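Structure record follows, encoded as structure tokens.
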Number of protein chains: 2
Amino acid sequence: MGPNLKPGNTKARILDASAELFMRYGYTGTGLKQIVADANAPFGSLYHHFPGGKQELGVEVIHRSGAMYLELVTAVFDAAPDIVNGVRDCFVGAAEVLRATDYADACPIETVALEVASTNEPLRQATAEVFESWIGGATERFRAAGIDDGTARELSISLIALLEGAFVLCRAARTTEALDAAGKTAATAVETALRGAPTRASTPIPRP
Amino acid sequence: MGPNLKPGNTKARILDASAELFMRYGYTGTGLKQIVADANAPFGSLYHHFPGGKQELGVEVIHRSGAMYLELVTAVFDAAPDIVNGVRDCFVGAAEVLRATDYADACPIETVALEVASTNEPLRQATAEVFESWIGGATERFRAAGIDDGTARELSISLIALLEGAFVLCRAARTTEALDAAGKTAATAVETALRGAPTRASTPIPRP
DNA sequence: GATAGAATAGATAGATCGCTCTAGCTGGTA
DNA sequence: TACCAGCTAGAGCGATCTATCTATTCTATC
């Protein structure tokens, strides 16, 4: 169909290399020379496939990595016997990946999101869209389990925040302790929400 | 006492400017030229006060900012009537600061922590020490409220993870929704831990 | 084959990076 | 006054950054 039957996988290699480098070293911490070197691609090809330069490449990588991570987490949930175990498996799996990569591979867009939040509006918007897609996906899943809409969204945001925050602590400490603790808290939060889901709202709690 | 009566506050100005720039734009995203410009300091003074260059400056800023943030949070807790309200006030206060600074000022070391985790060992260690000091401070406070040591530490890690993760989501979305949701989850988690504290462990939960 | 367009290939520009270097200034001591 | 540290002050170095530029190679269609 297209004019070139063998389009060459140069663009895909550039995207893959960029995704890994951005995840590990951040956006400003990754140079274009290093990207084309890791991708085994000539420098000219980068600006051929991404005329908008580093920023266009960054936007595409953020959306791509965000979609892939959503698929990964979705698969983990689908393989679990119930939602609570699905949440647990996500944190356990994240910890395994972190250890296996010498605490390099955590969230694919977290570092970039913080770096560009106050400096690069198109990139900031891309990270916001990815996070919103994750929140929406999780909310839908919790809603399907009988949790009301508002609680499901709050719960989803909290679980993602627990995961992202644990990533920061784990990478800094070179330990998976934070993911273990956050995973427990996340599972408990889901259980609490489920318990109050089909019946009534949770009972009021006396002040200590 | 010292040889110079009027030592000049140049070093302090450099530290203050660096702290703000690192918090907003990250470590690699902040240039030394910009630091001395913001600090109204000559370039030579930077290397006079920090012979180790950008890395030494970074380590000092991380420790300084980490200690200041710990004091700030401690003050919020001390002003609250109880621990649960202290936790709530922390998230509410963080959201206020975030809005007031156009979503620029969140955690003073989070962006740097992610950037340097896999690239700069001295800086990574500095961020790890700061996070550990925060965890230790919170753990001690929860332990004093009657929560057993292990639970107190897990709870502390989870609350800090919730805060850091919410910072990422809020700065990306330019909304404080994530801090609101995470604050609710954090308060609930503390209540749950307190309820199981003086009596027995929490009752087992049936699978949904 | 001839040809056009896509993709590859890399040299190079202009700006900025962290950092070094040499002065000049200041204030206390001899 | 002479002196000496501590600090200020900024020019300038090599390296690296993003981006541009001109060729060359490949592939599909005429």
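A note on labels: chains of the structure tokens are A, B, ... as shown, every chain counts residues from 1, and ligands are counted from 1 in their shown order.
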
(request) Do a neighbour search on A:Tyr27 at 8 Å with only C-alpha atoms (C1' of nucleotides), toss out local chain neighbours closer than 2 positions, and write the hits as an MDAnalysis selection string. (result) chainID A and resid 22 25 29:30 58 111:112 115:116

Can you spit out the residues from that selection as an mmCIF file, in the first residue's frame, using C-alpha atoms?
```
data_model
loop_
_atom_site.group_PDB
_atom_site.id
_atom_site.type_symbol
_atom_site.label_atom_id
_atom_site.label_comp_id
_atom_site.auth_asym_id
_atom_site.auth_seq_id
_atom_site.Cartn_x
_atom_site.Cartn_y
_atom_site.Cartn_z
ATOM 1 C CA PHE A 22 13.846 8.684 28.828
ATOM 2 C CA TYR A 25 17.731 9.166 32.531
ATOM 3 C CA GLY A 29 19.287 13.901 30.695
ATOM 4 C CA THR A 30 19.099 12.080 27.360
ATOM 5 C CA GLY A 58 9.173 13.019 23.305
ATOM 6 C CA THR A 111 10.750 11.261 35.395
ATOM 7 C CA VAL A 112 9.832 13.049 32.187
ATOM 8 C CA GLU A 115 10.965 17.424 34.368
ATOM 9 C CA VAL A 116 8.669 19.007 31.802
#
```

(message) Please return, as an MDAnalysis selection string, all residues of stretch 12-171 of chain A that DSSP assigns to alpha helix (DSSP H) on the basis of the backbone.
(response) chainID A and resid 12:25 32:39 43:49 53:79 83:100 110:116 121:144 149:171

(request) Output as a PyMOL selection string the set of chain C residues within 10 Å of chain A, with distances taken over only C-alpha atoms (C1' of nucleotides). (result) chain C and resi 5-10

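If we count only C-alpha atoms (C1' of nucleotides), these residues of chain D sit within 12 Å of chain A: DT16, DC17, DT18, DA19, DT20, DC21, DT22, DA23, DC26, DT27, DA28 and DT29 of chain D.
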
(request) List the neighbours of A:Ser118 out to 12 Å using only C-alpha atoms (C1' of nucleotides); skip same-chain residues closer than 5 positions along the sequence, and give me the result as a list of chain:residue names. (result)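 In the requested format, the answer is A:Val112, A:Ala113, A:Leu123, A:Arg124, A:Gln125, B:Leu21, B:Phe22, B:Met23, B:Arg24, B:Tyr25, B:Gly26, B:Gly29, B:Leu98, B:Thr101, B:Asp102, B:Tyr103, B:Ala104, B:Asp105, B:Ala106, B:Thr111, B:Val168, B:Cys170, B:Arg171, B:Ala172, B:Ala173, B:Arg174.
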
(request) Within 12 Å of A:Gly66, counting only C-alpha atoms (C1' of nucleotides), which residues show up once you throw out same-chain ones fewer than 6 positions away? Write them as a PyMOL selection string, please. (result) chain A and resi 19+23+58-60+72-73+107-110+112-113+126-135

Next, write the just-selected residues to a file, as a CSV table (one decimal), in the first residue's frame, keeping N, CA and C atoms as the atom set.
```
chain,number,residue,atom,x,y,z
A,19,ALA,N,12.5,5.5,24.4
A,19,ALA,CA,11.6,5.2,25.6
A,19,ALA,C,12.5,4.7,26.7
A,23,MET,N,13.0,6.9,30.2
A,23,MET,CA,12.6,6.3,31.5
A,23,MET,C,13.7,6.2,32.5
A,58,GLY,N,9.6,13.2,21.9
A,58,GLY,CA,9.2,13.0,23.3
A,58,GLY,C,7.7,12.8,23.4
A,59,VAL,N,6.9,13.6,22.7
A,59,VAL,CA,5.4,13.4,22.8
A,59,VAL,C,5.0,12.0,22.3
A,60,GLU,N,5.7,11.5,21.2
A,60,GLU,CA,5.3,10.2,20.7
A,60,GLU,C,5.7,9.1,21.7
A,72,LEU,N,0.0,-3.5,29.8
A,72,LEU,CA,0.7,-4.4,30.7
A,72,LEU,C,-0.1,-4.6,32.0
A,73,VAL,N,-0.5,-3.5,32.6
A,73,VAL,CA,-1.2,-3.5,33.8
A,73,VAL,C,-2.5,-4.2,33.6
A,107,CYS,N,8.5,3.5,36.3
A,107,CYS,CA,7.4,4.1,35.4
A,107,CYS,C,8.1,4.7,34.2
A,108,PRO,N,7.5,4.4,33.0
A,108,PRO,CA,8.1,4.9,31.8
A,108,PRO,C,8.1,6.4,31.6
A,109,ILE,N,7.2,7.1,32.3
A,109,ILE,CA,7.0,8.5,32.0
A,109,ILE,C,7.2,9.4,33.2
A,110,GLU,N,7.4,8.8,34.4
A,110,GLU,CA,7.3,9.6,35.6
A,110,GLU,C,8.4,10.7,35.7
A,112,VAL,N,10.1,12.0,33.2
A,112,VAL,CA,9.8,13.0,32.2
A,112,VAL,C,8.7,14.0,32.6
A,113,ALA,N,7.7,13.4,33.2
A,113,ALA,CA,6.5,14.2,33.7
A,113,ALA,C,7.0,15.3,34.6
A,126,ALA,N,1.0,15.8,27.2
A,126,ALA,CA,1.1,14.4,26.8
A,126,ALA,C,1.1,13.5,28.1
A,127,THR,N,1.9,13.9,29.1
A,127,THR,CA,2.0,13.1,30.3
A,127,THR,C,0.6,13.2,31.0
A,128,ALA,N,0.0,14.3,31.0
A,128,ALA,CA,-1.3,14.4,31.6
A,128,ALA,C,-2.3,13.5,31.0
A,129,GLU,N,-2.3,13.4,29.7
A,129,GLU,CA,-3.2,12.5,29.0
A,129,GLU,C,-3.0,11.1,29.3
A,130,VAL,N,-1.7,10.7,29.4
A,130,VAL,CA,-1.4,9.3,29.7
A,130,VAL,C,-1.9,9.0,31.2
A,131,PHE,N,-1.6,9.8,32.1
A,131,PHE,CA,-2.1,9.6,33.5
A,131,PHE,C,-3.6,9.5,33.5
A,132,GLU,N,-4.3,10.4,32.8
A,132,GLU,CA,-5.7,10.4,32.8
A,132,GLU,C,-6.2,9.1,32.2
A,133,SER,N,-5.6,8.6,31.2
A,133,SER,CA,-6.0,7.3,30.6
A,133,SER,C,-5.8,6.2,31.6
A,134,TRP,N,-4.8,6.2,32.4
A,134,TRP,CA,-4.6,5.2,33.4
A,134,TRP,C,-5.7,5.3,34.4
A,135,ILE,N,-6.0,6.5,34.9
A,135,ILE,CA,-7.0,6.7,35.9
A,135,ILE,C,-8.3,6.2,35.4
```

(message) Which residue is closest to chain A? Choose from B:Ala193, B:Ala187, B:Val87, B:Leu163 and count only C-alpha atoms.
(response)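 Of the candidates, the smallest distance to chain A is held by B:Leu163.
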
(request) Could you tell me how far atom CA of A:Val84 lies from atom CA of A:His63, in Å and to one decimal? (result)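 It comes out at 27.6 Å.
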
(message) Between B:Val61, B:Ala197, B:Tyr69, B:Thr28, which residue has the minimum interatomic distance to chain A, considering only C-alpha atoms?
(response) B:Thr28

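Close contacts of A:Ile157, defined as residues with an atom at most 7 Å away when counting only C-alpha atoms (C1' of nucleotides), with chain neighbours fewer than 2 positions off set aside, comprise Ile135, Arg153, Glu154, Leu155, Leu159, Ile160 and Ala161 of chain A; Ala178 and Ala181 of chain B.
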
Selected residues written out with C-alpha atoms, as an mmCIF file, in the first residue's frame:
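File result02.cif, as written:
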```cif
data_model
loop_
_atom_site.group_PDB
_atom_site.id
_atom_site.type_symbol
_atom_site.label_atom_id
_atom_site.label_comp_id
_atom_site.auth_asym_id
_atom_site.auth_seq_id
_atom_site.Cartn_x
_atom_site.Cartn_y
_atom_site.Cartn_z
ATOM 1 C CA ILE A 135 -6.987 6.696 35.890
ATOM 2 C CA ARG A 153 -11.952 7.405 40.695
ATOM 3 C CA GLU A 154 -10.505 8.459 44.051
ATOM 4 C CA LEU A 155 -9.312 4.935 44.624
ATOM 5 C CA LEU A 159 -3.383 3.548 43.760
ATOM 6 C CA ILE A 160 -1.495 5.186 40.894
ATOM 7 C CA ALA A 161 -0.085 7.745 43.304
ATOM 8 C CA ALA B 178 -4.844 13.820 43.044
ATOM 9 C CA ALA B 181 -7.914 11.852 46.656
#
```

(message) One number please: atom CA of A:Gly183 to atom CA of A:Gly86, in Å, one decimal.
(response) 10.6 Å

(message) Nearest residue to B:Leu169 out of B:Ala37, B:Ala144, B:Ala95, B:Ala117, using only C-alpha atoms?
(response)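 For B:Leu169, the nearest of the given residues is B:Ala95.
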